[in-house]
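Heads up, protein27.txt below (compact mmCIF, C-alpha atoms):
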```txt
# COMPACT_ATOMS: atom_id res chain seq x y z
CA MET A 10 15.72 13.60 -1.92
CA LYS A 11 14.66 10.64 0.25
CA GLU A 12 11.22 9.43 -0.64
CA PRO A 13 9.07 8.00 2.15
CA ILE A 14 9.34 4.25 2.63
CA THR A 15 6.26 2.43 1.33
CA GLU A 16 4.94 -1.04 2.03
CA ALA A 17 5.92 -1.96 -1.53
CA ASP A 18 9.49 -0.85 -0.80
CA LEU A 19 9.58 -3.09 2.23
CA HIS A 20 8.52 -6.13 0.25
CA ALA A 21 10.92 -5.31 -2.57
CA TRP A 22 13.67 -5.02 0.02
CA HIS A 23 12.63 -8.33 1.55
CA ASP A 24 12.75 -9.99 -1.87
CA GLY A 25 16.18 -8.54 -2.60
CA ARG A 26 14.98 -6.39 -5.47
CA LEU A 27 15.96 -2.90 -4.40
CA PRO A 28 18.98 -0.99 -5.69
CA ALA A 29 21.74 -0.53 -3.14
CA ASP A 30 21.00 3.05 -2.12
CA ARG A 31 17.28 2.48 -1.57
CA ARG A 32 18.09 -0.73 0.28
CA ALA A 33 20.24 1.26 2.71
CA GLU A 34 17.37 3.71 3.28
CA VAL A 35 14.95 0.87 4.04
CA GLU A 36 17.39 -0.77 6.42
CA GLU A 37 17.85 2.50 8.25
CA TRP A 38 14.08 2.91 8.49
CA LEU A 39 13.66 -0.64 9.80
CA ALA A 40 16.46 -0.25 12.32
CA ALA A 41 14.36 2.46 14.00
CA ARG A 42 11.20 0.33 13.96
CA PRO A 43 11.74 -3.06 15.62
CA GLN A 44 8.13 -4.14 15.24
CA GLU A 45 8.27 -3.70 11.47
CA ALA A 46 11.59 -5.50 11.37
CA GLU A 47 10.04 -8.32 13.35
CA ARG A 48 7.14 -8.49 10.89
CA PHE A 49 9.51 -8.98 7.98
CA HIS A 50 11.53 -11.46 9.95
CA ALA A 51 8.32 -13.47 10.25
CA TYR A 52 7.80 -13.15 6.48
CA ARG A 53 11.22 -14.73 6.04
CA THR A 54 9.94 -17.73 7.99
CA VAL A 55 6.86 -17.86 5.76
CA ASP A 56 9.10 -17.94 2.67
CA THR A 57 11.24 -20.71 4.10
CA ARG A 58 8.29 -22.83 5.07
CA LEU A 59 6.69 -22.45 1.66
CA ARG A 60 9.86 -23.58 -0.05
CA GLN A 61 10.45 -26.43 2.35
CA HIS A 62 6.93 -27.65 1.78
CA PHE A 63 6.89 -27.53 -2.02
CA ASP A 64 10.42 -27.58 -3.41
CA HIS A 65 10.67 -31.36 -3.41
CA ILE A 66 8.17 -31.38 -6.28
CA LEU A 67 10.81 -29.83 -8.51
CA TYR A 68 12.85 -32.99 -8.30
CA GLN A 69 10.12 -35.58 -8.80
CA PRO A 70 10.02 -37.53 -12.04
CA ILE A 71 7.50 -36.20 -14.54
CA PRO A 72 4.33 -38.34 -14.39
CA SER A 73 3.96 -40.51 -17.47
CA ALA A 74 0.61 -38.94 -18.41
CA LEU A 75 2.33 -35.60 -18.68
CA ALA A 76 5.23 -37.04 -20.62
CA THR A 77 2.76 -38.50 -23.07
CA ALA A 78 1.09 -35.10 -23.44
CA MET A 79 4.48 -33.75 -24.50
CA GLN A 80 4.68 -36.08 -27.47
CA PRO A 81 4.03 -34.32 -30.74
CA ALA A 82 0.63 -34.93 -32.33
CA PRO A 83 1.31 -35.19 -36.06
CA ARG A 84 -1.92 -33.59 -37.12
CA ARG A 85 -1.03 -30.41 -35.24
CA MET A 86 2.40 -30.02 -36.75
CA PRO A 87 3.31 -27.86 -39.70
CA LYS A 88 4.07 -29.87 -42.85
CA MET A 89 7.86 -29.57 -42.75
CA ALA A 90 8.13 -30.70 -39.18
CA ALA A 91 5.75 -33.56 -39.83
CA ALA A 92 7.98 -34.86 -42.62
CA TRP A 93 11.03 -34.68 -40.37
CA LEU A 94 9.15 -36.40 -37.58
CA LEU A 95 8.12 -39.21 -39.92
CA ALA A 96 11.70 -39.81 -40.97
CA VAL A 97 12.85 -39.88 -37.39
CA CYS A 98 9.96 -41.94 -36.03
CA SER A 99 11.10 -44.93 -38.03
CA ALA A 100 14.02 -45.13 -35.62
CA GLY A 101 11.89 -45.86 -32.60
CA ALA A 102 9.38 -44.72 -30.01
CA GLY A 103 8.15 -41.21 -29.27
CA TRP A 104 10.11 -38.25 -28.01
CA PHE A 105 9.88 -39.35 -24.45
CA GLY A 106 10.11 -42.93 -25.54
CA HIS A 107 10.54 -45.70 -23.09
CA GLY A 108 14.18 -46.20 -23.81
CA ALA A 109 14.47 -45.14 -27.45
CA VAL A 110 15.74 -41.64 -28.05
CA GLN A 111 14.90 -39.32 -30.89
CA SER A 112 16.99 -36.93 -32.84
CA ILE A 113 16.66 -33.58 -31.11
CA ARG A 114 18.81 -31.26 -33.09
CA SER A 115 19.29 -27.82 -31.60
CA ALA A 116 17.90 -25.19 -33.95
CA ARG A 117 20.47 -22.67 -32.85
CA ALA A 118 23.67 -22.78 -34.89
CA ASP A 119 25.65 -20.65 -32.49
CA ALA A 120 29.03 -20.98 -30.82
CA SER A 121 27.67 -22.95 -27.91
CA GLU A 122 27.10 -26.00 -30.12
CA GLY A 123 30.86 -26.43 -29.90
CA LEU A 124 30.26 -26.89 -26.18
CA ALA A 125 27.82 -29.74 -26.79
CA GLN A 126 30.20 -31.32 -29.27
CA GLN A 127 33.11 -31.23 -26.84
CA ALA A 128 31.01 -32.55 -23.98
CA ALA A 129 29.81 -35.45 -26.14
CA VAL A 130 33.32 -36.39 -27.18
CA ALA A 131 34.61 -36.19 -23.61
CA HIS A 132 31.76 -38.38 -22.47
CA ALA A 133 32.42 -40.95 -25.16
CA VAL A 134 36.12 -41.04 -24.28
CA PHE A 135 35.92 -41.33 -20.52
CA SER A 136 32.59 -42.90 -19.56
CA PRO A 137 33.52 -46.43 -20.72
CA GLU A 138 36.65 -46.48 -18.55
CA VAL A 139 36.59 -49.25 -15.98
CA ARG A 140 39.79 -48.79 -14.01
CA HIS A 141 40.20 -45.03 -14.09
CA PRO A 142 37.07 -43.26 -15.25
CA VAL A 143 38.06 -40.20 -13.23
CA GLU A 144 41.25 -38.61 -12.05
CA VAL A 145 40.12 -37.63 -8.55
CA VAL A 146 37.47 -39.73 -6.86
CA ALA A 147 34.42 -38.52 -4.99
CA GLU A 148 35.98 -39.52 -1.68
CA GLN A 149 38.28 -36.54 -2.17
CA LYS A 150 35.45 -34.17 -2.98
CA ALA A 151 36.88 -31.14 -1.22
CA HIS A 152 40.19 -31.48 -2.98
CA LEU A 153 38.46 -32.03 -6.31
CA ALA A 154 36.36 -28.89 -5.96
CA ALA A 155 39.33 -26.77 -4.87
CA TRP A 156 41.59 -28.09 -7.63
CA LEU A 157 39.07 -27.58 -10.44
CA SER A 158 38.06 -24.16 -9.12
CA LYS A 159 41.66 -23.06 -9.16
CA ARG A 160 42.45 -24.39 -12.64
CA LEU A 161 39.27 -23.00 -14.18
CA SER A 162 39.62 -19.73 -12.28
CA MET A 163 36.01 -19.93 -11.16
CA GLN A 164 34.23 -20.75 -7.93
CA LEU A 165 33.01 -24.32 -8.43
CA THR A 166 30.69 -26.09 -6.02
CA LEU A 167 30.27 -29.69 -7.14
CA PRO A 168 26.56 -30.24 -7.85
CA GLN A 169 24.83 -32.59 -5.45
CA LEU A 170 22.56 -34.89 -7.46
CA ASP A 171 21.91 -37.64 -4.92
CA SER A 172 18.29 -36.68 -4.45
CA LEU A 173 17.79 -37.27 -8.19
CA GLY A 174 19.44 -40.68 -8.02
CA TYR A 175 22.93 -39.81 -9.22
CA SER A 176 26.03 -40.09 -7.08
CA LEU A 177 29.36 -38.46 -7.84
CA VAL A 178 32.04 -40.78 -9.16
CA GLY A 179 34.69 -38.07 -9.37
CA GLY A 180 36.20 -35.66 -11.85
CA ARG A 181 39.06 -34.72 -14.07
CA LEU A 182 40.70 -31.82 -15.77
CA LEU A 183 40.58 -31.59 -19.55
CA THR A 184 41.76 -29.17 -22.17
CA GLY A 185 39.44 -26.93 -24.11
CA HIS A 186 40.46 -24.60 -26.92
CA HIS A 187 42.00 -21.97 -24.70
CA GLY A 188 42.53 -23.53 -21.32
CA ALA A 189 41.26 -25.89 -18.67
CA VAL A 190 37.79 -27.42 -18.58
CA ALA A 191 36.31 -29.75 -15.95
CA GLN A 192 34.49 -33.02 -16.33
CA LEU A 193 32.49 -34.46 -13.45
CA MET A 194 31.13 -37.98 -13.70
CA TYR A 195 27.98 -39.22 -11.95
CA ARG A 196 26.36 -42.62 -11.91
CA ASP A 197 22.88 -43.88 -11.13
CA ALA A 198 21.94 -46.93 -9.06
CA ASN A 199 22.42 -49.18 -12.12
CA GLY A 200 25.87 -47.84 -12.88
CA LYS A 201 24.79 -45.73 -15.83
CA ARG A 202 27.06 -42.73 -16.19
CA VAL A 203 26.47 -39.14 -17.10
CA THR A 204 29.16 -36.53 -17.40
CA LEU A 205 28.98 -32.83 -16.65
CA TYR A 206 31.30 -30.69 -18.72
CA ILE A 207 32.06 -27.24 -17.28
CA THR A 208 34.03 -24.58 -19.12
CA PRO A 209 34.69 -20.86 -18.80
CA GLU A 210 35.07 -20.74 -22.59
CA TYR A 211 31.43 -20.88 -23.69
CA THR A 212 29.86 -18.11 -21.67
CA ALA A 213 26.63 -16.28 -22.34
CA ARG A 214 28.69 -13.31 -23.38
CA ASN A 215 29.85 -15.32 -26.37
CA THR A 216 26.52 -16.83 -27.19
CA LYS A 217 23.90 -14.36 -25.93
CA LYS A 218 21.79 -17.15 -24.41
CA GLN A 219 21.83 -16.97 -20.65
CA GLY A 220 20.00 -19.61 -18.69
CA ASP A 221 18.05 -21.21 -21.52
CA VAL A 222 18.61 -24.89 -22.09
CA ALA A 223 19.42 -26.30 -25.50
CA LEU A 224 19.47 -29.92 -26.57
CA ALA A 225 21.70 -31.63 -29.06
CA ARG A 226 22.09 -35.17 -30.21
CA ILE A 227 25.62 -36.08 -31.16
CA GLY A 228 26.84 -39.51 -32.07
CA GLY A 229 24.01 -41.33 -30.32
CA LEU A 230 24.28 -39.27 -27.12
CA ASN A 231 21.93 -36.63 -25.80
CA VAL A 232 23.50 -33.43 -24.55
CA ALA A 233 21.71 -30.68 -22.65
CA TYR A 234 23.63 -27.45 -22.35
CA TRP A 235 23.42 -24.05 -20.65
CA ASN A 236 25.33 -20.79 -20.69
CA ASP A 237 25.85 -18.40 -17.81
CA GLU A 238 27.85 -15.16 -17.77
CA ARG A 239 30.69 -17.05 -16.15
CA PHE A 240 30.60 -20.47 -17.74
CA GLY A 241 28.99 -22.95 -20.04
CA CYS A 242 28.06 -26.42 -18.93
CA ALA A 243 26.74 -29.50 -20.64
CA LEU A 244 25.35 -32.77 -19.35
CA ALA A 245 25.93 -35.70 -21.66
CA GLY A 246 24.64 -39.22 -21.45
CA ASP A 247 22.69 -42.05 -22.96
CA LEU A 248 19.47 -40.94 -21.29
CA PRO A 249 16.06 -39.84 -22.51
CA ALA A 250 16.04 -36.10 -23.10
CA GLN A 251 13.50 -35.48 -20.36
CA GLU A 252 15.65 -37.17 -17.74
CA LEU A 253 18.76 -35.39 -18.96
CA LEU A 254 17.02 -32.03 -18.70
CA ARG A 255 15.77 -32.77 -15.21
CA VAL A 256 19.19 -33.74 -13.92
CA GLY A 257 21.06 -31.14 -15.93
CA GLN A 258 18.79 -28.32 -14.77
CA ALA A 259 19.51 -29.23 -11.16
CA ALA A 260 23.23 -29.28 -11.85
CA TYR A 261 23.15 -25.98 -13.70
CA ASP A 262 21.11 -24.30 -10.97
CA GLN A 263 23.63 -25.34 -8.33
CA LEU A 264 26.60 -24.26 -10.41
CA GLU A 265 24.95 -20.94 -11.17
CA GLU A 266 24.51 -20.26 -7.46
CA SER A 267 28.07 -21.04 -6.50
CA MET B 16 11.07 -26.14 -32.95
CA ASP B 17 12.51 -28.92 -30.87
CA THR B 18 14.42 -26.42 -28.80
CA ASP B 19 11.13 -24.65 -28.07
CA ARG B 20 9.62 -27.91 -26.96
CA ALA B 21 12.67 -28.54 -24.79
CA LEU B 22 12.08 -25.20 -23.13
CA VAL B 23 8.52 -26.26 -22.31
CA VAL B 24 9.87 -29.48 -20.83
CA ALA B 25 12.38 -27.55 -18.75
CA CYS B 26 9.48 -25.58 -17.22
CA LEU B 27 7.48 -28.68 -16.25
CA PRO B 28 8.90 -29.10 -12.74
CA SER B 29 8.21 -25.45 -11.88
CA LEU B 30 4.71 -25.66 -13.32
CA ARG B 31 4.02 -28.77 -11.26
CA ARG B 32 5.27 -27.17 -8.08
CA TYR B 33 3.26 -24.00 -8.61
CA ALA B 34 0.07 -25.88 -9.52
CA ARG B 35 0.38 -28.09 -6.44
CA ALA B 36 0.81 -25.07 -4.18
CA LEU B 37 -2.03 -23.22 -5.90
CA LEU B 38 -4.60 -26.01 -5.82
CA GLY B 39 -3.66 -27.85 -2.63
CA ASN B 40 -3.64 -31.34 -4.08
CA GLN B 41 -1.38 -33.18 -6.50
CA ALA B 42 -4.02 -34.84 -8.69
CA ALA B 43 -5.78 -31.58 -9.51
CA ALA B 44 -2.40 -29.96 -9.98
CA ASP B 45 -1.30 -32.52 -12.56
CA ASP B 46 -4.56 -32.02 -14.44
CA LEU B 47 -3.95 -28.28 -14.55
CA VAL B 48 -0.36 -28.76 -15.68
CA GLN B 49 -1.48 -31.20 -18.37
CA ASP B 50 -4.04 -28.72 -19.72
CA THR B 51 -1.47 -25.94 -19.58
CA VAL B 52 1.10 -27.97 -21.47
CA GLU B 53 -1.40 -29.10 -24.10
CA ARG B 54 -2.54 -25.55 -24.68
CA GLY B 55 1.03 -24.27 -24.70
CA LEU B 56 2.12 -26.87 -27.23
CA SER B 57 -0.85 -26.15 -29.47
CA LYS B 58 0.08 -22.45 -29.42
CA LEU B 59 3.83 -22.94 -29.65
CA SER B 60 4.01 -21.41 -33.09
CA TRP B 61 2.74 -18.16 -31.54
CA TRP B 62 5.48 -18.03 -28.94
CA ARG B 63 8.36 -15.74 -29.97
CA PRO B 64 11.76 -17.46 -29.65
CA GLY B 65 13.96 -15.57 -27.21
CA SER B 66 11.02 -14.26 -25.21
CA ASN B 67 10.19 -15.49 -21.74
CA MET B 68 8.85 -19.03 -22.03
CA ARG B 69 8.31 -19.35 -18.31
CA ALA B 70 6.16 -16.20 -18.00
CA TRP B 71 4.23 -17.30 -21.09
CA LEU B 72 3.43 -20.76 -19.73
CA PHE B 73 2.52 -19.39 -16.32
CA SER B 74 0.11 -16.94 -17.90
CA ILE B 75 -1.52 -19.81 -19.82
CA MET B 76 -1.84 -21.67 -16.52
CA HIS B 77 -3.33 -18.61 -14.86
CA ASN B 78 -6.00 -18.25 -17.57
CA LEU B 79 -6.93 -21.93 -17.31
CA TYR B 80 -7.02 -21.69 -13.53
CA VAL B 81 -9.35 -18.71 -13.59
CA ASP B 82 -11.62 -20.25 -16.21
CA GLN B 83 -11.84 -23.80 -14.94
CA TRP B 84 -10.46 -24.31 -11.49
CA ARG B 85 -11.72 -21.54 -9.30
CA ALA B 86 -15.16 -22.34 -7.92
CA PRO B 87 -17.74 -20.89 -10.33
CA ALA B 88 -19.52 -19.19 -7.42
CA CYS B 89 -16.48 -16.97 -6.94
CA ARG B 90 -16.32 -15.87 -10.53
CA ASP B 91 -18.10 -12.55 -9.93
CA VAL B 92 -15.93 -11.79 -6.94
CA PRO B 93 -12.73 -9.87 -7.63
CA LEU B 94 -9.73 -12.11 -7.14
CA ASP B 95 -8.46 -9.77 -4.49
CA ASP B 96 -11.54 -9.36 -2.32
CA ASP B 97 -10.60 -10.29 1.24
CA ASP B 98 -14.17 -10.03 2.46
CA ALA B 99 -15.33 -12.69 0.04
CA GLN B 100 -13.34 -15.30 1.91
CA LEU B 101 -15.03 -15.93 5.27
CA PRO B 102 -12.80 -17.77 7.71
CA ASP B 103 -13.50 -21.47 7.61
CA PRO B 104 -13.42 -22.80 11.19
CA GLU B 105 -12.56 -26.29 9.99
CA LYS B 106 -9.60 -24.96 8.03
CA THR B 107 -8.32 -22.98 10.99
CA GLU B 108 -8.58 -26.06 13.16
CA THR B 109 -6.62 -28.08 10.62
CA ALA B 110 -3.94 -25.41 10.67
CA LEU B 111 -3.75 -25.78 14.43
CA LEU B 112 -3.26 -29.50 14.02
CA GLY B 113 -0.24 -29.04 11.75
CA GLU B 114 -1.26 -29.10 8.07
CA ASP B 115 -0.06 -25.57 8.21
CA ILE B 116 1.00 -24.52 4.79
CA ASP B 117 -1.80 -25.83 2.60
CA ALA B 118 -4.39 -24.65 5.09
CA ALA B 119 -2.78 -21.24 5.37
CA LEU B 120 -2.69 -20.88 1.58
CA ALA B 121 -6.32 -21.95 1.37
CA THR B 122 -7.32 -18.95 3.49
CA LEU B 123 -6.05 -16.61 0.77
CA PRO B 124 -8.18 -15.32 -2.06
CA ALA B 125 -6.95 -16.85 -5.32
CA GLY B 126 -5.36 -13.64 -6.61
CA GLN B 127 -3.26 -13.21 -3.47
CA ARG B 128 -2.24 -16.85 -3.46
CA GLU B 129 -1.05 -16.66 -7.06
CA VAL B 130 1.08 -13.59 -6.41
CA LEU B 131 2.62 -14.99 -3.24
CA LEU B 132 3.55 -18.30 -4.88
CA LEU B 133 4.98 -16.74 -8.02
CA VAL B 134 7.15 -14.38 -5.98
CA VAL B 135 8.30 -16.78 -3.26
CA LEU B 136 8.41 -20.16 -5.02
CA GLU B 137 9.22 -19.04 -8.54
CA ASP B 138 11.27 -15.96 -7.62
CA MET B 139 9.51 -14.25 -10.48
CA SER B 140 10.10 -10.54 -10.95
CA TYR B 141 7.18 -8.27 -10.07
CA ASP B 142 6.96 -7.27 -13.73
CA ASP B 143 6.75 -10.88 -14.88
CA VAL B 144 4.14 -11.63 -12.23
CA ALA B 145 2.14 -8.66 -13.51
CA LYS B 146 2.39 -10.00 -17.07
CA ALA B 147 1.51 -13.57 -16.11
CA LEU B 148 -1.57 -12.49 -14.16
CA GLN B 149 -2.47 -9.57 -16.42
CA ILE B 150 -2.62 -7.04 -13.59
CA PRO B 151 -0.71 -3.81 -12.86
CA VAL B 152 2.48 -4.03 -10.83
CA GLY B 153 0.85 -1.93 -8.10
CA THR B 154 -1.79 -4.63 -7.69
CA VAL B 155 0.95 -7.27 -7.49
CA MET B 156 2.54 -5.39 -4.59
CA SER B 157 -0.68 -4.85 -2.65
CA ARG B 158 -1.73 -8.50 -3.06
CA LEU B 159 1.74 -9.62 -2.00
CA ALA B 160 1.57 -7.54 1.14
CA ARG B 161 -1.87 -8.84 2.09
CA ALA B 162 -0.97 -12.44 1.28
CA ARG B 163 2.17 -12.37 3.39
CA GLU B 164 0.37 -10.88 6.35
CA LYS B 165 -2.49 -13.34 6.12
CA VAL B 166 -0.20 -16.37 5.90
CA ARG B 167 1.97 -15.01 8.69
CA ARG B 168 -1.07 -14.84 10.93
CA ALA B 169 -2.36 -18.27 9.88
CA LEU B 170 0.99 -19.88 10.59
CA GLY B 171 1.43 -17.84 13.74
CA HIS B 172 -1.77 -19.34 15.13
CA SER B 173 -0.55 -22.83 14.39
CA LYS B 174 2.72 -22.13 16.14
CA ASP B 175 0.76 -21.38 19.31
CA ALA B 176 -0.92 -24.76 18.97
CA GLY B 177 2.08 -26.30 20.63
CA ASN B 178 1.10 -24.57 23.83
CA LEU B 179 -2.56 -25.46 23.74
CA LYS B 180 -3.87 -28.55 25.39
CA VAL B 181 -6.68 -30.25 23.57
CA VAL B 182 -9.43 -30.96 26.07
CA ARG B 183 -11.57 -33.94 25.17
```

If you took the structure in this file and wrote it as structure tokens, what would it be?
Amino acid sequence: MKEPITEADLHAWHDGRLPADRRAEVEEWLAARPQEAERFHAYRTVDTRLRQHFDHILYQPIPSALATAMQPAPRRMPKMAAAWLLAVCSAGAGWFGHGAVQSIRSARADASEGLAQQAAVAHAVFSPEVRHPVEVVAEQKAHLAAWLSKRLSMQLTLPQLDSLGYSLVGGRLLTGHHGAVAQLMYRDANGKRVTLYITPEYTARNTKKQGDVALARIGGLNVAYWNDERFGCALAGDLPAQELLRVGQAAYDQLEES
Amino acid sequence: MDTDRALVVACLPSLRRYARALLGNQAAADDLVQDTVERGLSKLSWWRPGSNMRAWLFSIMHNLYVDQWRAPACRDVPLDDDDAQLPDPEKTETALLGEDIDAALATLPAGQREVLLLVVLEDMSYDDVAKALQIPVGTVMSRLARAREKVRRALGHSKDAGNLKVVR
């Protein structure tokens, strides 16, 4: 029944891609062969060093030349889209405009748009608050994480966005349709605030869209939102879409891992 | 349509990281990413919503890389041919002096480098790597094995550098 262990098996094991029973067979095989185990231990170091060397690029701002390349070229667009673009362009600069923001309506009319709507409203309500923008401040981070995790019945690690220029202000508990949702507030060096709305209500099970980002523009705010099997989350703010995506993707990735 | 474009945007950081690791310098990398994005955007109407945007963009990047970025002299050499890549003494020396990772990656044939980076940096499934590079999964696995061993050795040499005294 046991097939011989191949080099491909060893690499698949190393990359965490083997089913449990085959994984056990490989581990047994390696336990009897210390030199092979040592070889794959060294490959682990290779992996780590590769990531350490290059991962910082993920969090760099997109160079402006590239951002410009992302702007739609009217002559390439189908007629309908061109008409829409014309109507919207009168409002300001290009899609990755220097300040001005376009209308970026999500094409998907699915349940998760409710998520974006709720996140936008919550942002509009709480981000202007001067005296009490949050209920629990960042200085009590551990308590905040534990409290929100308990009330949402999910393991929540508060995303760390300092390397992107956003520090945690704090968080609060809000009500969704069926139970508790969390709002975390972050600010940049200039005091501009973004809010991260996290809810177990809009999961990928409901919306069939795991991991993909969607954008919505609601009441003058941009919202980027994601669905996981366990939760939905949305980042809302008065930021260019590109910046929102960059920050939101980092937040989503960290939440997804926790 | 805008959601599709947003998906392209969301892939930009990964594309930049991969291109930088593949080419060894940031300026060339940004050129490759720019070309990839422009081609991707021009073909966006061909991309099927719901399918894997990331694999699609990475395969566009791969095709551009093969056509334009690999040295023309290598074009007749299979991407996987170890013998085609003679050890460069200057590169080995640089590895000893500490520019380990880029130098180690530069010792790999392009096809091995691509596989290693897609698996380790992008955590791409072997099937998606096969699709992006248009090779069988078996070839992905053999290139991965060779790449890992080669980089292990290249980095292993540089680790010993700490014990060597440079005699001038």

- [ ] Go through A:Val222, A:Leu27, A:Leu170, A:Ala250 one by one, measure the shortest atom-to-atom distance of each to Leu22 (chain B) using all atoms listed in the file, and give the residue with the smallest value.
- [x] A:Val222

Given all atoms listed in the file, how would the per-residue table for chain B near chain A read, listing every residue at most 8 Å away with its closest atom pair and distance in Å to one decimal, sorted by chain and number, as JSON lines?
```
{"residue": "B:Met16", "atom": "CA", "partner": "A:Ala116", "partner_atom": "CA", "distance": 7.0}
{"residue": "B:Asp17", "atom": "CA", "partner": "A:Ile113", "partner_atom": "CA", "distance": 6.2}
{"residue": "B:Thr18", "atom": "CA", "partner": "A:Ser115", "partner_atom": "CA", "distance": 5.8}
{"residue": "B:Ala21", "atom": "CA", "partner": "A:Ala223", "partner_atom": "CA", "distance": 7.1}
{"residue": "B:Leu22", "atom": "CA", "partner": "A:Val222", "partner_atom": "CA", "distance": 6.6}
{"residue": "B:Val24", "atom": "CA", "partner": "A:Gln251", "partner_atom": "CA", "distance": 7.0}
{"residue": "B:Ala25", "atom": "CA", "partner": "A:Leu254", "partner_atom": "CA", "distance": 6.4}
{"residue": "B:Leu27", "atom": "CA", "partner": "A:Ile71", "partner_atom": "CA", "distance": 7.7}
{"residue": "B:Pro28", "atom": "CA", "partner": "A:Leu67", "partner_atom": "CA", "distance": 4.7}
{"residue": "B:Ser29", "atom": "CA", "partner": "A:Leu67", "partner_atom": "CA", "distance": 6.1}
{"residue": "B:Arg31", "atom": "CA", "partner": "A:Ile66", "partner_atom": "CA", "distance": 7.0}
{"residue": "B:Arg32", "atom": "CA", "partner": "A:Ile66", "partner_atom": "CA", "distance": 5.4}
{"residue": "B:Arg35", "atom": "CA", "partner": "A:Phe63", "partner_atom": "CA", "distance": 7.9}
{"residue": "B:Ala36", "atom": "CA", "partner": "A:Phe63", "partner_atom": "CA", "distance": 6.9}
{"residue": "B:Asp45", "atom": "CA", "partner": "A:Leu75", "partner_atom": "CA", "distance": 7.8}
{"residue": "B:Val48", "atom": "CA", "partner": "A:Leu75", "partner_atom": "CA", "distance": 7.9}
{"residue": "B:Gln49", "atom": "CA", "partner": "A:Leu75", "partner_atom": "CA", "distance": 5.8}
{"residue": "B:Val52", "atom": "CA", "partner": "A:Met79", "partner_atom": "CA", "distance": 7.3}
{"residue": "B:Glu53", "atom": "CA", "partner": "A:Ala78", "partner_atom": "CA", "distance": 6.5}
{"residue": "B:Leu56", "atom": "CA", "partner": "A:Met79", "partner_atom": "CA", "distance": 7.8}
{"residue": "B:Ser57", "atom": "CA", "partner": "A:Arg85", "partner_atom": "CA", "distance": 7.2}
{"residue": "B:Ile116", "atom": "CA", "partner": "A:Leu59", "partner_atom": "CA", "distance": 6.8}
{"residue": "B:Val135", "atom": "CA", "partner": "A:Asp56", "partner_atom": "CA", "distance": 6.1}
{"residue": "B:Leu136", "atom": "CA", "partner": "A:Arg60", "partner_atom": "CA", "distance": 6.2}
{"residue": "B:Met156", "atom": "CA", "partner": "A:Ala17", "partner_atom": "CA", "distance": 5.7}
{"residue": "B:Ser157", "atom": "CA", "partner": "A:Ala17", "partner_atom": "CA", "distance": 7.3}
{"residue": "B:Leu159", "atom": "CA", "partner": "A:His20", "partner_atom": "CA", "distance": 8.0}
{"residue": "B:Ala160", "atom": "CA", "partner": "A:His20", "partner_atom": "CA", "distance": 7.1}
{"residue": "B:Arg163", "atom": "CA", "partner": "A:Tyr52", "partner_atom": "CA", "distance": 6.5}
{"residue": "B:Glu164", "atom": "CA", "partner": "A:Tyr52", "partner_atom": "CA", "distance": 7.8}
{"residue": "B:Val166", "atom": "CA", "partner": "A:Val55", "partner_atom": "CA", "distance": 7.2}
{"residue": "B:Arg167", "atom": "CA", "partner": "A:Val55", "partner_atom": "CA", "distance": 6.4}
{"residue": "B:Leu170", "atom": "CA", "partner": "A:Val55", "partner_atom": "CA", "distance": 7.9}
```

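Atom to atom, CA of Ser73 (chain A) and CA of Asp143 (chain B) stand 29.9 Å apart.
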
- [ ] For Thr166 (chain A), list every protein, DNA or RNA residue within 8 Å, evaluated using only C-alpha atoms, and leave out those in the same chain fewer than 2 positions away; present the list as a PyMOL selection string.
- [x] chain A and resi 154+164+168+263-264+267

Emit the selected residues as a CSV table (one decimal), keeping the file's coordinate frame, including C-alpha atoms.
```
chain,number,residue,atom,x,y,z
A,154,ALA,CA,36.4,-28.9,-6.0
A,164,GLN,CA,34.2,-20.8,-7.9
A,168,PRO,CA,26.6,-30.2,-7.8
A,263,GLN,CA,23.6,-25.3,-8.3
A,264,LEU,CA,26.6,-24.3,-10.4
A,267,SER,CA,28.1,-21.0,-6.5
```

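Atom to atom, CA of Val155 (chain B) and CA of Asp138 (chain B) stand 13.5 Å apart.
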
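Note that the spacing between CA of Tyr175 (chain A) and CA of Ala189 (chain A) amounts to 24.9 Å.
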
Residues near region 64-73 of chain B, cut-off 8 Å, only C-alpha atoms, skip fewer than 2 positions along chain, as a PDB file with C-alpha atoms, in the coordinates of the input:
```
ATOM      1  CA  ASP B  19      11.130 -24.650 -28.070  1.00  0.00           C
ATOM      2  CA  LEU B  22      12.080 -25.200 -23.130  1.00  0.00           C
ATOM      3  CA  VAL B  23       8.520 -26.260 -22.310  1.00  0.00           C
ATOM      4  CA  CYS B  26       9.480 -25.580 -17.220  1.00  0.00           C
ATOM      5  CA  LEU B  30       4.710 -25.660 -13.320  1.00  0.00           C
ATOM      6  CA  THR B  51      -1.470 -25.940 -19.580  1.00  0.00           C
ATOM      7  CA  VAL B  52       1.100 -27.970 -21.470  1.00  0.00           C
ATOM      8  CA  GLY B  55       1.030 -24.270 -24.700  1.00  0.00           C
ATOM      9  CA  TRP B  62       5.480 -18.030 -28.940  1.00  0.00           C
ATOM     10  CA  ILE B  75      -1.520 -19.810 -19.820  1.00  0.00           C
ATOM     11  CA  MET B  76      -1.840 -21.670 -16.520  1.00  0.00           C
ATOM     12  CA  HIS B  77      -3.330 -18.610 -14.860  1.00  0.00           C
ATOM     13  CA  ASP B 143       6.750 -10.880 -14.880  1.00  0.00           C
ATOM     14  CA  VAL B 144       4.140 -11.630 -12.230  1.00  0.00           C
ATOM     15  CA  LYS B 146       2.390 -10.000 -17.070  1.00  0.00           C
ATOM     16  CA  ALA B 147       1.510 -13.570 -16.110  1.00  0.00           C
TER      17      ALA B 147
END
```
